[in-house]
file coords.txt (compact mmCIF, C-alpha atoms)
# COMPACT_ATOMS: atom_id res chain seq x y z
CA MET A 1 -6.71 4.07 -2.83
CA LYS A 2 -3.77 5.52 -0.89
CA ASP A 3 -3.77 2.51 1.43
CA ILE A 4 -3.56 0.11 -1.54
CA LEU A 5 -0.70 2.10 -3.10
CA ASN A 6 1.20 2.18 0.20
CA LYS A 7 0.82 -1.60 0.51
CA ILE A 8 2.01 -2.12 -3.07
CA ASP A 9 4.94 0.20 -2.43
CA SER A 10 5.95 -1.68 0.71
CA PHE A 11 5.44 -5.15 -0.82
CA ARG A 12 8.50 -7.37 -0.61
CA LEU A 13 8.54 -10.90 -1.96
CA LYS A 14 8.73 -13.61 0.69
CA GLY A 15 10.07 -16.76 -0.89
CA SER A 16 8.11 -17.29 -4.07
CA ASP A 17 4.69 -16.17 -2.83
CA TRP A 18 3.32 -13.37 -5.01
CA SER A 19 -0.27 -13.75 -3.76
CA GLU A 20 -0.24 -10.56 -1.69
CA LEU A 21 0.85 -8.46 -4.68
CA ASN A 22 -1.66 -10.20 -6.91
CA GLU A 23 -4.48 -9.36 -4.46
CA LEU A 24 -3.33 -5.74 -4.20
CA LEU A 25 -3.26 -5.45 -7.97
CA THR A 26 -6.83 -6.76 -8.12
CA ASP A 27 -7.87 -4.25 -5.43
CA LEU A 28 -6.22 -1.39 -7.34
CA GLU A 29 -7.95 -2.36 -10.59
CA LYS A 30 -11.32 -2.14 -8.81
CA THR A 31 -10.78 1.48 -7.77
CA ALA A 32 -12.26 4.40 -9.68
CA HIS A 33 -8.84 5.60 -10.90
CA PRO A 34 -6.30 2.77 -11.01
CA GLU A 35 -4.09 4.91 -13.27
CA LYS A 36 -3.05 6.86 -10.16
CA GLY A 37 -0.97 3.82 -9.28
CA ILE A 38 1.06 3.70 -12.49
CA VAL A 39 4.35 4.93 -10.99
CA THR A 40 3.94 2.67 -7.95
CA LEU A 41 3.39 -0.32 -10.22
CA PHE A 42 6.40 0.53 -12.35
CA LYS A 43 8.49 0.70 -9.18
CA VAL A 44 7.48 -2.90 -8.48
CA LEU A 45 8.87 -3.87 -11.90
CA GLU A 46 12.01 -1.90 -11.09
CA ARG A 47 12.38 -3.59 -7.69
CA TYR A 48 12.16 -7.02 -9.34
CA HIS A 49 13.94 -5.92 -12.50
CA ASP A 50 15.52 -9.27 -13.26
CA ARG A 51 12.43 -11.43 -12.63
CA ASP A 52 9.98 -12.80 -15.16
CA ASP A 53 7.22 -14.08 -12.89
CA HIS A 54 3.57 -14.31 -13.95
CA VAL A 55 2.31 -11.70 -11.50
CA LEU A 56 4.89 -9.20 -12.76
CA TRP A 57 3.48 -9.68 -16.25
CA GLU A 58 0.05 -8.98 -14.74
CA VAL A 59 1.50 -5.71 -13.42
CA GLY A 60 2.90 -4.98 -16.89
CA HIS A 61 -0.45 -5.66 -18.56
CA ALA A 62 -2.28 -3.55 -15.98
CA VAL A 63 -0.12 -0.48 -16.60
CA GLU A 64 -0.37 -0.86 -20.38
CA ASP A 65 -4.02 0.15 -20.19
CA MET A 66 -3.34 3.28 -18.16
CA LYS A 67 -3.14 6.83 -19.52
CA GLY A 68 0.44 7.98 -19.94
CA PHE A 69 1.75 4.42 -20.04
CA LYS A 70 4.38 4.82 -22.74
CA GLN A 71 6.09 7.83 -21.17
CA GLU A 72 6.01 6.23 -17.72
CA LEU A 73 7.53 3.08 -19.25
CA VAL A 74 10.47 5.15 -20.51
CA ASN A 75 10.76 6.97 -17.18
CA SER A 76 10.82 3.64 -15.37
CA LEU A 77 13.44 2.15 -17.67
CA LYS A 78 15.62 5.20 -17.09
CA ARG A 79 15.39 4.75 -13.31
CA GLN A 80 16.01 1.00 -13.37
CA PRO A 81 15.92 -1.07 -16.54
CA SER A 82 13.75 -4.15 -16.06
CA ASP A 83 13.47 -7.30 -18.14
CA ILE A 84 9.69 -6.96 -18.46
CA GLY A 85 9.90 -3.24 -19.25
CA ILE A 86 12.41 -3.87 -22.04
CA MET A 87 10.26 -6.67 -23.47
CA ILE A 88 7.22 -4.37 -23.46
CA LEU A 89 9.30 -1.66 -25.15
CA ASN A 90 10.32 -4.24 -27.77
CA ALA A 91 6.65 -4.91 -28.58
CA TYR A 92 6.19 -1.20 -29.37
CA TYR A 93 9.38 -1.19 -31.41
CA ASN A 94 8.14 -4.18 -33.41
CA ASP A 95 4.86 -2.33 -34.00
CA GLY A 96 6.83 0.46 -35.67
CA VAL A 97 6.81 3.02 -32.84
CA LYS A 98 9.72 5.36 -33.57
CA GLU A 99 9.41 7.71 -30.62
CA ILE A 100 7.81 7.97 -27.23
CA GLY A 101 7.04 11.43 -25.95
CA ASN A 102 9.80 13.61 -27.31
CA GLU A 103 12.44 10.84 -27.39
CA SER A 104 13.36 8.67 -30.33
CA MET A 105 13.41 4.92 -29.86
CA THR A 106 17.07 4.99 -30.93
CA ASP A 107 17.96 7.40 -28.11
CA ILE A 108 15.99 5.35 -25.57
CA LEU A 109 17.81 2.17 -26.62
CA LYS A 110 21.23 3.85 -26.51
CA HIS A 111 20.43 5.10 -23.03
CA LEU A 112 19.48 1.58 -21.91
CA GLU A 113 22.60 0.04 -23.44
CA ASN A 114 24.75 2.52 -21.50
CA HIS A 115 22.73 2.54 -18.29
CA PRO A 116 24.91 1.55 -15.32
CA LYS A 117 22.10 -0.67 -13.98
CA SER A 118 21.56 -2.57 -17.24
CA SER A 119 22.74 -6.15 -16.83
CA ASP A 120 24.83 -7.87 -19.47
CA SER A 121 21.83 -10.04 -20.37
CA MET A 122 19.64 -6.93 -20.84
CA ILE A 123 22.23 -5.35 -23.11
CA SER A 124 22.52 -8.56 -25.13
CA TYR A 125 18.72 -8.73 -25.44
CA ILE A 126 18.55 -5.12 -26.61
CA LYS A 127 21.23 -5.70 -29.24
CA GLU A 128 19.53 -8.87 -30.51
CA ALA A 129 15.85 -7.95 -30.25
CA PHE A 130 15.99 -4.37 -31.49
CA GLU A 131 17.37 -4.20 -34.99
CA GLN A 132 19.39 -1.01 -34.87
call {"tool": "encode", "arguments": {"input": "coords.txt", "output": "C-alpha cells"}}
result
Amino acid sequence: MKDILNKIDSFRLKGSDWSELNELLTDLEKTAHPEKGIVTLFKVLERYHDRDDHVLWEVGHAVEDMKGFKQELVNSLKRQPSDIGIMILNAYYNDGVKEIGNESMTDILKHLENHPKSSDSMISYIKEAFEQ
C-alpha cells in the first residue's frame, strides 16, 4: 500500500499520458483499505487543479466512495482549489447539502472565492453555478 501511495504522490504527467496514474489508481482500489489514500489522491487533483482529464474524474469518483470524503474535499479545496473539486462540491450543493463538517456551504464558497489560488475562471464558475 505504501509503495502505491508513494508512486501516486510522485506521479508527474509526461505529455498527455495518464496511463501510469490510471494503473496506480486501479492498484490502490484493489487494496484492503484504499481509503488510506484519500489525501494522496486529493493532492493529485490539487497538482492538476486546472485540468479536466478523464483519469482525474476517475480519481474524483474513487475518493467519493471513501470514508471522510466530504471533509477531505473541503480540506483539499482550501489547500488548492481544483476545477474537479469545485464541480464535485457543486453536485453536493445541488443536492441540498448546506454544510460539510462544521462549515456552512456559504462559508466554504466565500473562502473559495477569496482564495489566492482560485483562478478567475473558478471564481466565475462558483458565482454562476452556486446560487448564493
call {"tool": "residues_around", "arguments": {"input": "coords.txt", "residues": "A:Glu29", "least_positions_apart": "3", "cutoff": "12 Å", "atoms": "all atoms listed in the file", "output": "list in words"}}
result
Met1, Ile4, Leu5, Asn22, Glu23, Leu24, Leu25, Thr26, Ala32, His33, Pro34, Glu35, Lys36, Gly37, Ile38, Leu41, Glu58, Val59, His61, Ala62, Val63, Asp65 and Met66 of chain A
call {"tool": "residues_around", "arguments": {"input": "coords.txt", "residues": "stretch 112-123 of chain A", "least_positions_apart": "5", "cutoff": "8 Å", "atoms": "all atoms listed in the file", "output": "JSON, numbers by chain"}}
result
{"A": [77, 78, 80, 81, 83, 86]}
call {"tool": "closest_residue", "arguments": {"input": "coords.txt", "among": "A:His111, A:Lys14, A:Lys127, A:Arg51", "to": "A:Asn90", "atoms": "only C-alpha atoms"}}
result
A:Lys127
call {"tool": "closest_residue", "arguments": {"input": "coords.txt", "among": "A:Asn94, A:Asn6, A:Ser76, A:Ser82", "to": "A:Ala129", "atoms": "only C-alpha atoms"}}
result
A:Asn94
